[in-house]
file work.cif (mmCIF, C-alpha atoms)
data_protein
loop_
_atom_site.label_atom_id
_atom_site.label_comp_id
_atom_site.auth_asym_id
_atom_site.auth_seq_id
_atom_site.Cartn_x
_atom_site.Cartn_y
_atom_site.Cartn_z
CA MET A 1 -116.83 156.64 -0.57
CA GLU A 2 -119.87 156.10 1.67
CA LEU A 3 -119.49 159.60 3.16
CA ILE A 4 -119.58 161.19 -0.30
CA PHE A 5 -122.69 159.17 -1.20
CA LEU A 6 -124.32 160.14 2.10
CA LYS A 7 -123.63 163.84 1.52
CA ARG A 8 -125.06 163.58 -1.99
CA SER A 9 -128.17 161.83 -0.78
CA ILE A 10 -128.72 164.45 1.93
CA LYS A 11 -128.25 167.20 -0.65
CA TYR A 12 -130.69 165.62 -3.11
CA SER A 13 -133.29 164.86 -0.47
CA ALA A 14 -133.06 168.43 0.84
CA ALA A 15 -133.43 169.66 -2.76
CA GLY A 16 -136.57 167.52 -3.10
CA VAL A 17 -138.00 168.99 0.09
CA LEU A 18 -137.24 172.54 -1.08
CA CYS A 19 -138.85 171.76 -4.44
CA ALA A 20 -141.97 170.41 -2.71
CA LEU A 21 -142.08 173.45 -0.43
CA SER A 22 -141.83 175.74 -3.46
CA VAL A 23 -144.66 173.93 -5.23
CA ILE A 24 -146.80 174.21 -2.08
CA PHE A 25 -146.12 177.96 -1.85
CA LEU A 26 -146.94 178.39 -5.53
CA ALA A 27 -150.14 176.37 -5.02
CA ALA A 28 -151.10 178.79 -2.25
CA GLY A 29 -150.48 181.61 -4.70
CA SER A 30 -152.64 179.81 -7.21
CA ILE A 31 -155.53 179.48 -4.76
CA VAL A 32 -155.47 182.90 -3.08
CA TRP A 33 -155.31 185.79 -5.56
CA VAL A 34 -153.40 188.09 -3.21
CA PHE A 35 -150.53 185.57 -3.09
CA ALA A 36 -150.34 185.13 -6.88
CA TYR A 37 -147.41 187.55 -7.11
CA THR A 38 -145.88 187.18 -3.63
CA MET A 39 -145.42 183.42 -3.58
CA PRO A 40 -143.09 183.39 -6.61
CA LEU A 41 -140.99 185.98 -4.74
CA ILE A 42 -140.80 183.71 -1.69
CA CYS A 43 -139.87 180.73 -3.84
CA GLY A 44 -137.02 182.81 -5.27
CA ILE A 45 -135.78 183.27 -1.71
CA ILE A 46 -135.84 179.49 -1.30
CA ASN A 47 -133.51 179.31 -4.31
CA ILE A 48 -131.17 181.77 -2.61
CA MET A 49 -131.04 179.41 0.39
CA ALA A 50 -130.25 176.51 -1.94
CA ILE A 51 -127.41 178.44 -3.59
CA ARG A 52 -125.91 179.44 -0.24
CA THR A 53 -126.31 176.00 1.32
CA PHE A 54 -125.40 173.81 -1.65
CA ASP A 55 -124.51 175.30 -5.04
CA LYS A 56 -125.97 176.87 -8.17
CA ARG A 57 -126.41 173.50 -9.83
CA THR A 58 -128.65 172.23 -7.05
CA ALA A 59 -130.60 175.50 -7.09
CA PHE A 60 -131.06 175.10 -10.85
CA VAL A 61 -132.39 171.56 -10.35
CA ILE A 62 -134.85 172.88 -7.74
CA TYR A 63 -135.88 175.70 -10.09
CA THR A 64 -136.40 173.35 -13.05
CA ALA A 65 -138.34 170.74 -11.10
CA THR A 66 -140.50 173.36 -9.39
CA SER A 67 -141.23 175.09 -12.71
CA ILE A 68 -142.25 171.89 -14.46
CA LEU A 69 -144.33 170.59 -11.55
CA SER A 70 -146.08 173.91 -11.00
CA LEU A 71 -146.93 174.28 -14.70
CA PHE A 72 -148.54 170.84 -14.68
CA LEU A 73 -150.17 170.89 -11.24
CA LEU A 74 -151.33 174.45 -10.63
CA GLY A 75 -154.61 175.80 -11.86
CA ASP A 76 -153.29 179.36 -12.05
CA LYS A 77 -150.71 179.28 -14.82
CA GLU A 78 -149.80 182.94 -14.27
CA THR A 79 -148.26 182.20 -10.88
CA ALA A 80 -146.32 179.27 -12.30
CA LEU A 81 -145.13 181.29 -15.30
CA ILE A 82 -144.02 184.26 -13.23
CA TYR A 83 -141.92 181.87 -11.16
CA ALA A 84 -140.61 179.95 -14.18
CA LEU A 85 -139.77 183.00 -16.29
CA PHE A 86 -138.29 185.27 -13.64
CA PHE A 87 -138.40 184.68 -9.89
CA GLY A 88 -137.14 181.11 -10.11
CA PHE A 89 -133.99 181.69 -12.10
CA TYR A 90 -133.19 185.30 -11.16
CA PRO A 91 -131.56 184.33 -7.83
CA ILE A 92 -129.39 181.85 -9.73
CA ILE A 93 -128.10 184.40 -12.26
CA ARG A 94 -128.10 187.34 -9.85
CA GLU A 95 -124.51 186.90 -8.67
CA SER A 96 -123.28 186.80 -12.27
CA ILE A 97 -125.17 190.00 -13.04
CA ASN A 98 -123.86 191.68 -9.87
CA ALA A 99 -120.29 190.89 -10.97
CA LEU A 100 -120.74 193.16 -13.99
CA LYS A 101 -119.78 196.83 -14.04
CA PRO A 102 -122.36 199.09 -12.36
CA TYR A 103 -123.42 200.81 -15.58
CA LEU A 104 -124.26 197.37 -17.06
CA LYS A 105 -125.78 195.49 -14.18
CA ILE A 106 -128.74 197.79 -13.45
CA PRO A 107 -130.05 197.88 -17.05
CA ILE A 108 -129.51 194.13 -17.43
CA LYS A 109 -131.46 193.46 -14.23
CA PHE A 110 -134.39 195.52 -15.51
CA ILE A 111 -134.24 193.92 -18.96
CA VAL A 112 -134.31 190.43 -17.43
CA PHE A 113 -137.19 191.37 -15.11
CA ASN A 114 -139.31 193.07 -17.76
CA ALA A 115 -138.66 190.36 -20.36
CA GLY A 116 -139.69 187.63 -17.90
CA ILE A 117 -142.84 189.36 -16.69
CA VAL A 118 -143.96 190.45 -20.16
CA ALA A 119 -143.29 186.94 -21.53
CA ALA A 120 -145.30 185.39 -18.68
CA GLU A 121 -148.25 187.69 -19.34
CA LEU A 122 -148.12 187.17 -23.11
CA ILE A 123 -148.02 183.39 -22.68
CA CYS A 124 -150.98 183.61 -20.30
CA VAL A 125 -153.00 185.65 -22.78
CA TYR A 126 -152.06 184.03 -26.10
CA VAL A 127 -151.21 180.42 -25.17
CA PHE A 128 -153.45 179.69 -22.18
CA MET A 129 -156.16 182.11 -23.38
CA ILE A 130 -156.42 183.79 -19.98
CA PRO A 131 -157.98 187.22 -20.56
CA PHE A 132 -155.98 190.19 -19.33
CA ASP A 133 -158.34 191.98 -16.98
CA SER A 134 -157.30 195.45 -16.02
CA PHE A 135 -159.33 197.61 -13.73
CA LEU A 136 -157.10 200.52 -14.77
CA GLY A 137 -158.32 200.70 -18.35
CA LYS A 138 -156.10 200.78 -21.42
CA TRP A 139 -153.08 201.97 -19.42
CA GLY A 140 -153.46 199.13 -16.93
CA ALA A 141 -150.63 197.00 -18.33
CA VAL A 142 -148.19 199.92 -18.35
CA ILE A 143 -149.13 200.95 -14.79
CA MET A 144 -148.86 197.35 -13.54
CA LEU A 145 -145.44 196.95 -15.18
CA ALA A 146 -144.23 200.23 -13.65
CA LEU A 147 -145.41 199.08 -10.21
CA GLY A 148 -143.76 195.73 -10.86
CA ASN A 149 -140.46 197.50 -11.53
CA LEU A 150 -140.75 199.34 -8.21
CA ILE A 151 -141.41 196.07 -6.42
CA PHE A 152 -138.44 194.53 -8.25
CA ILE A 153 -136.14 197.28 -6.92
CA ILE A 154 -137.32 196.52 -3.39
CA TYR A 155 -137.00 192.76 -3.98
CA ASP A 156 -133.44 193.07 -5.26
CA ARG A 157 -132.40 195.14 -2.25
CA LEU A 158 -134.25 192.76 0.06
CA LEU A 159 -132.29 189.83 -1.36
CA ASP A 160 -129.04 191.52 -0.30
CA VAL A 161 -130.34 191.88 3.26
CA LEU A 162 -131.75 188.35 3.37
CA ILE A 163 -128.47 186.87 2.16
CA ILE A 164 -126.60 188.62 4.98
CA ILE A 165 -129.16 187.47 7.56
CA TYR A 166 -129.05 183.92 6.22
CA GLU A 167 -125.25 183.80 6.22
CA LYS A 168 -124.94 185.20 9.76
CA LYS A 169 -127.86 183.51 11.52
CA TYR A 170 -129.06 180.41 9.76
CA LYS A 171 -126.40 178.94 7.50
CA SER A 172 -124.35 177.40 10.28
CA ARG A 173 -127.47 175.86 11.83
CA ILE A 174 -128.59 174.38 8.54
CA ASP A 175 -125.08 173.11 7.77
CA ARG A 176 -125.01 171.33 11.16
CA LEU A 177 -128.46 169.88 10.47
CA LEU A 178 -127.41 168.55 7.06
CA LYS A 179 -124.19 166.88 8.27
#

call {"tool": "encode", "arguments": {"input": "work.cif", "output": "structure tokens"}}
result
Amino acid sequence: MELIFLKRSIKYSAAGVLCALSVIFLAAGSIVWVFAYTMPLICGIINIMAIRTFDKRTAFVIYTATSILSLFLLGDKETALIYALFFGFYPIIRESINALKPYLKIPIKFIVFNAGIVAAELICVYVFMIPFDSFLGKWGAVIMLALGNLIFIIYDRLLDVLIIIYEKKYKSRIDRLLK
């Protein structure tokens, strides 16, 4: 009984550390404009580590806690919303989407991405009253979304590579550390 409790406490304390690390990364994205879109990506990779090390439930707890804390603590709500509405939960649902037939999974991935990013931007503009500044003129939103889709393709492929690297190089080390 004590061993089960000890494993749970290690899992929950590691989840707390990963949540804090995610909030710190998102805070860096909130402070430095260049990181506003890259830090949510990195925090999504942290969720991949949590899924591979523990389970989807723990990753979902990390995602939820990080989303709530970042929405309350960060000055830049856009970074927090991009994480909360896409990059935080996408790694959790990604395996379920990948299990679908190929003609379904690609459109669903793009629908989930575009819905999350558009929702984040609309909430920023209409709820938080953050003006949408586009140096590209009236087509700025369309161009930014198209570029975002290209980055999403790269990100999705990168996740496959990072999962393999994590499984082969780091998972056994982290498992030994957590025992």

call {"tool": "resolve_selection", "arguments": {"input": "work.cif", "expression": "the PyMOL selection byres ((chain A and resi 76) around 10)", "output": "count of residues only"}}
result
20

call {"tool": "resolve_selection", "arguments": {"input": "work.cif", "expression": "the PyMOL selection byres ((chain A and resi 58) around 12)", "output": "MDAnalysis selection string"}}
result
chainID A and resid 8 10:16 18:19 46:57 59:65 89 92

call {"tool": "resolve_selection", "arguments": {"input": "work.cif", "expression": "the PyMOL selection byres ((chain A and resi 95) around 12)", "output": "list in words"}}
result
Ile48, Ile51, Arg52, Lys56, Phe89, Tyr90, Pro91, Ile92, Ile93, Arg94, Ser96, Ile97, Asn98, Ala99, Leu100, Lys105, Lys109, Asp156, Leu159, Asp160 and Ile163 of chain A

call {"tool": "atom_distance", "arguments": {"input": "work.cif", "atom1": "atom CA of Phe87 of chain A", "atom2": "atom CA of Phe113 of chain A"}}
result
8.6 Å

call {"tool": "atom_distance", "arguments": {"input": "work.cif", "atom1": "atom CA of Pro40 of chain A", "atom2": "atom CA of Val125 of chain A"}}
result
19.1 Å

call {"tool": "closest_residue", "arguments": {"input": "work.cif", "among": "A:Leu104, A:Val127, A:Leu158, A:Ala119", "to": "Tyr83 of chain A", "atoms": "all atoms listed in the file"}}
result
A:Ala119

call {"tool": "atom_distance", "arguments": {"input": "work.cif", "atom1": "atom CA of Met129 of chain A", "atom2": "atom CA of Val34 of chain A"}}
result
21.2 Å

call {"tool": "residues_near_point", "arguments": {"input": "work.cif", "point": "(-148.6, 194.8, -11.5)", "cutoff": "12 Å", "atoms": "only C-alpha atoms", "output": "list of chain:residue names"}}
result
A:Val34, A:Ala36, A:Tyr37, A:Thr38, A:Ile82, A:Asn114, A:Ile117, A:Val118, A:Glu121, A:Phe132, A:Asp133, A:Ser134, A:Phe135, A:Leu136, A:Trp139, A:Gly140, A:Ala141, A:Val142, A:Ile143, A:Met144, A:Leu145, A:Ala146, A:Leu147, A:Gly148, A:Asn149, A:Leu150, A:Ile151, A:Phe152

call {"tool": "closest_residue", "arguments": {"input": "work.cif", "among": "A:Lys7, A:Met39, A:Phe25, A:Leu122", "to": "Leu178 of chain A", "atoms": "only C-alpha atoms"}}
result
A:Lys7

call {"tool": "decode", "arguments": {"input": "work.cif", "residues": "segment 55-71 of chain A", "atoms": "all heavy atoms", "output": "PDB file, in the first residue's frame"}}
result
ATOM      1  N   ASP A  55       0.566   9.124 -17.954  1.00  0.00           N
ATOM      2  CA  ASP A  55      -0.614   8.732 -18.724  1.00  0.00           C
ATOM      3  C   ASP A  55      -1.332   9.989 -19.204  1.00  0.00           C
ATOM      4  O   ASP A  55      -0.940  11.105 -18.882  1.00  0.00           O
ATOM      5  CB  ASP A  55      -1.552   7.841 -17.907  1.00  0.00           C
ATOM      6  CG  ASP A  55      -1.941   8.449 -16.562  1.00  0.00           C
ATOM      7  OD1 ASP A  55      -1.751   9.668 -16.369  1.00  0.00           O
ATOM      8  OD2 ASP A  55      -2.431   7.706 -15.702  1.00  0.00           O
ATOM      9  N   LYS A  56      -2.398   9.775 -19.985  1.00  0.00           N
ATOM     10  CA  LYS A  56      -3.144  10.915 -20.531  1.00  0.00           C
ATOM     11  C   LYS A  56      -3.858  11.698 -19.435  1.00  0.00           C
ATOM     12  O   LYS A  56      -4.014  12.903 -19.535  1.00  0.00           O
ATOM     13  CB  LYS A  56      -4.162  10.443 -21.568  1.00  0.00           C
ATOM     14  CG  LYS A  56      -3.558  10.073 -22.881  1.00  0.00           C
ATOM     15  CD  LYS A  56      -4.641   9.751 -23.885  1.00  0.00           C
ATOM     16  CE  LYS A  56      -4.018   9.384 -25.213  1.00  0.00           C
ATOM     17  NZ  LYS A  56      -5.020   9.130 -26.240  1.00  0.00           N
ATOM     18  N   ARG A  57      -4.289  11.015 -18.418  1.00  0.00           N
ATOM     19  CA  ARG A  57      -4.993  11.690 -17.325  1.00  0.00           C
ATOM     20  C   ARG A  57      -4.082  12.698 -16.623  1.00  0.00           C
ATOM     21  O   ARG A  57      -4.493  13.834 -16.351  1.00  0.00           O
ATOM     22  CB  ARG A  57      -5.510  10.646 -16.341  1.00  0.00           C
ATOM     23  CG  ARG A  57      -6.334  11.199 -15.239  1.00  0.00           C
ATOM     24  CD  ARG A  57      -6.863  10.078 -14.382  1.00  0.00           C
ATOM     25  NE  ARG A  57      -7.635  10.628 -13.293  1.00  0.00           N
ATOM     26  CZ  ARG A  57      -8.029   9.932 -12.269  1.00  0.00           C
ATOM     27  NH1 ARG A  57      -7.737   8.646 -12.187  1.00  0.00           N
ATOM     28  NH2 ARG A  57      -8.715  10.489 -11.307  1.00  0.00           N
ATOM     29  N   THR A  58      -2.861  12.292 -16.347  1.00  0.00           N
ATOM     30  CA  THR A  58      -1.903  13.197 -15.721  1.00  0.00           C
ATOM     31  C   THR A  58      -1.576  14.357 -16.646  1.00  0.00           C
ATOM     32  O   THR A  58      -1.481  15.509 -16.200  1.00  0.00           O
ATOM     33  CB  THR A  58      -0.621  12.439 -15.336  1.00  0.00           C
ATOM     34  OG1 THR A  58      -0.975  11.319 -14.512  1.00  0.00           O
ATOM     35  CG2 THR A  58       0.348  13.320 -14.588  1.00  0.00           C
ATOM     36  N   ALA A  59      -1.412  14.077 -17.924  1.00  0.00           N
ATOM     37  CA  ALA A  59      -1.157  15.143 -18.900  1.00  0.00           C
ATOM     38  C   ALA A  59      -2.328  16.113 -18.957  1.00  0.00           C
ATOM     39  O   ALA A  59      -2.132  17.326 -19.073  1.00  0.00           O
ATOM     40  CB  ALA A  59      -0.879  14.551 -20.280  1.00  0.00           C
ATOM     41  N   PHE A  60      -3.548  15.599 -18.845  1.00  0.00           N
ATOM     42  CA  PHE A  60      -4.716  16.474 -18.853  1.00  0.00           C
ATOM     43  C   PHE A  60      -4.760  17.357 -17.607  1.00  0.00           C
ATOM     44  O   PHE A  60      -5.139  18.528 -17.684  1.00  0.00           O
ATOM     45  CB  PHE A  60      -6.008  15.653 -18.966  1.00  0.00           C
ATOM     46  CG  PHE A  60      -7.229  16.491 -19.097  1.00  0.00           C
ATOM     47  CD1 PHE A  60      -7.528  17.117 -20.300  1.00  0.00           C
ATOM     48  CD2 PHE A  60      -8.080  16.677 -18.019  1.00  0.00           C
ATOM     49  CE1 PHE A  60      -8.655  17.912 -20.418  1.00  0.00           C
ATOM     50  CE2 PHE A  60      -9.209  17.469 -18.136  1.00  0.00           C
ATOM     51  CZ  PHE A  60      -9.496  18.091 -19.331  1.00  0.00           C
ATOM     52  N   VAL A  61      -4.354  16.811 -16.469  1.00  0.00           N
ATOM     53  CA  VAL A  61      -4.290  17.608 -15.238  1.00  0.00           C
ATOM     54  C   VAL A  61      -3.243  18.719 -15.393  1.00  0.00           C
ATOM     55  O   VAL A  61      -3.481  19.866 -15.014  1.00  0.00           O
ATOM     56  CB  VAL A  61      -3.978  16.706 -14.018  1.00  0.00           C
ATOM     57  CG1 VAL A  61      -3.628  17.533 -12.792  1.00  0.00           C
ATOM     58  CG2 VAL A  61      -5.155  15.795 -13.722  1.00  0.00           C
ATOM     59  N   ILE A  62      -2.096  18.387 -15.968  1.00  0.00           N
ATOM     60  CA  ILE A  62      -1.053  19.389 -16.211  1.00  0.00           C
ATOM     61  C   ILE A  62      -1.575  20.467 -17.157  1.00  0.00           C
ATOM     62  O   ILE A  62      -1.394  21.665 -16.921  1.00  0.00           O
ATOM     63  CB  ILE A  62       0.222  18.734 -16.771  1.00  0.00           C
ATOM     64  CG1 ILE A  62       0.864  17.840 -15.718  1.00  0.00           C
ATOM     65  CG2 ILE A  62       1.222  19.777 -17.263  1.00  0.00           C
ATOM     66  CD1 ILE A  62       1.951  16.936 -16.254  1.00  0.00           C
ATOM     67  N   TYR A  63      -2.228  20.042 -18.227  1.00  0.00           N
ATOM     68  CA  TYR A  63      -2.795  20.984 -19.200  1.00  0.00           C
ATOM     69  C   TYR A  63      -3.813  21.914 -18.545  1.00  0.00           C
ATOM     70  O   TYR A  63      -3.781  23.129 -18.731  1.00  0.00           O
ATOM     71  CB  TYR A  63      -3.433  20.211 -20.362  1.00  0.00           C
ATOM     72  CG  TYR A  63      -4.517  20.965 -21.076  1.00  0.00           C
ATOM     73  CD1 TYR A  63      -4.214  22.074 -21.858  1.00  0.00           C
ATOM     74  CD2 TYR A  63      -5.852  20.594 -20.955  1.00  0.00           C
ATOM     75  CE1 TYR A  63      -5.210  22.781 -22.509  1.00  0.00           C
ATOM     76  CE2 TYR A  63      -6.845  21.287 -21.606  1.00  0.00           C
ATOM     77  CZ  TYR A  63      -6.524  22.384 -22.376  1.00  0.00           C
ATOM     78  OH  TYR A  63      -7.504  23.083 -23.003  1.00  0.00           O
ATOM     79  N   THR A  64      -4.724  21.356 -17.769  1.00  0.00           N
ATOM     80  CA  THR A  64      -5.776  22.157 -17.135  1.00  0.00           C
ATOM     81  C   THR A  64      -5.191  23.152 -16.140  1.00  0.00           C
ATOM     82  O   THR A  64      -5.541  24.338 -16.157  1.00  0.00           O
ATOM     83  CB  THR A  64      -6.798  21.236 -16.437  1.00  0.00           C
ATOM     84  OG1 THR A  64      -7.304  20.297 -17.388  1.00  0.00           O
ATOM     85  CG2 THR A  64      -7.946  22.028 -15.856  1.00  0.00           C
ATOM     86  N   ALA A  65      -4.295  22.673 -15.280  1.00  0.00           N
ATOM     87  CA  ALA A  65      -3.699  23.555 -14.280  1.00  0.00           C
ATOM     88  C   ALA A  65      -2.865  24.652 -14.941  1.00  0.00           C
ATOM     89  O   ALA A  65      -2.935  25.822 -14.544  1.00  0.00           O
ATOM     90  CB  ALA A  65      -2.846  22.740 -13.317  1.00  0.00           C
ATOM     91  N   THR A  66      -2.097  24.291 -15.943  1.00  0.00           N
ATOM     92  CA  THR A  66      -1.279  25.278 -16.648  1.00  0.00           C
ATOM     93  C   THR A  66      -2.160  26.314 -17.346  1.00  0.00           C
ATOM     94  O   THR A  66      -1.869  27.511 -17.309  1.00  0.00           O
ATOM     95  CB  THR A  66      -0.363  24.586 -17.671  1.00  0.00           C
ATOM     96  OG1 THR A  66       0.467  23.648 -16.990  1.00  0.00           O
ATOM     97  CG2 THR A  66       0.505  25.586 -18.402  1.00  0.00           C
ATOM     98  N   SER A  67      -3.232  25.862 -17.968  1.00  0.00           N
ATOM     99  CA  SER A  67      -4.136  26.788 -18.660  1.00  0.00           C
ATOM    100  C   SER A  67      -4.759  27.783 -17.688  1.00  0.00           C
ATOM    101  O   SER A  67      -4.771  28.987 -17.938  1.00  0.00           O
ATOM    102  CB  SER A  67      -5.241  26.018 -19.379  1.00  0.00           C
ATOM    103  OG  SER A  67      -4.710  25.199 -20.376  1.00  0.00           O
ATOM    104  N   ILE A  68      -5.273  27.282 -16.583  1.00  0.00           N
ATOM    105  CA  ILE A  68      -5.923  28.157 -15.605  1.00  0.00           C
ATOM    106  C   ILE A  68      -4.920  29.126 -14.998  1.00  0.00           C
ATOM    107  O   ILE A  68      -5.169  30.340 -14.927  1.00  0.00           O
ATOM    108  CB  ILE A  68      -6.623  27.319 -14.511  1.00  0.00           C
ATOM    109  CG1 ILE A  68      -7.809  26.568 -15.115  1.00  0.00           C
ATOM    110  CG2 ILE A  68      -7.067  28.197 -13.344  1.00  0.00           C
ATOM    111  CD1 ILE A  68      -8.410  25.515 -14.209  1.00  0.00           C
ATOM    112  N   LEU A  69      -3.759  28.606 -14.568  1.00  0.00           N
ATOM    113  CA  LEU A  69      -2.751  29.481 -13.962  1.00  0.00           C
ATOM    114  C   LEU A  69      -2.247  30.537 -14.947  1.00  0.00           C
ATOM    115  O   LEU A  69      -2.083  31.700 -14.584  1.00  0.00           O
ATOM    116  CB  LEU A  69      -1.576  28.652 -13.444  1.00  0.00           C
ATOM    117  CG  LEU A  69      -1.828  27.872 -12.159  1.00  0.00           C
ATOM    118  CD1 LEU A  69      -0.671  26.932 -11.877  1.00  0.00           C
ATOM    119  CD2 LEU A  69      -2.058  28.813 -10.991  1.00  0.00           C
ATOM    120  N   SER A  70      -2.007  30.127 -16.186  1.00  0.00           N
ATOM    121  CA  SER A  70      -1.474  31.087 -17.153  1.00  0.00           C
ATOM    122  C   SER A  70      -2.510  32.156 -17.518  1.00  0.00           C
ATOM    123  O   SER A  70      -2.153  33.313 -17.728  1.00  0.00           O
ATOM    124  CB  SER A  70      -0.963  30.374 -18.404  1.00  0.00           C
ATOM    125  OG  SER A  70      -2.010  29.718 -19.073  1.00  0.00           O
ATOM    126  N   LEU A  71      -3.783  31.784 -17.562  1.00  0.00           N
ATOM    127  CA  LEU A  71      -4.811  32.788 -17.848  1.00  0.00           C
ATOM    128  C   LEU A  71      -4.933  33.811 -16.719  1.00  0.00           C
ATOM    129  O   LEU A  71      -5.219  34.979 -16.956  1.00  0.00           O
ATOM    130  CB  LEU A  71      -6.158  32.122 -18.112  1.00  0.00           C
ATOM    131  CG  LEU A  71      -6.306  31.492 -19.489  1.00  0.00           C
ATOM    132  CD1 LEU A  71      -7.553  30.629 -19.560  1.00  0.00           C
ATOM    133  CD2 LEU A  71      -6.339  32.545 -20.574  1.00  0.00           C
TER     134      LEU A  71
END
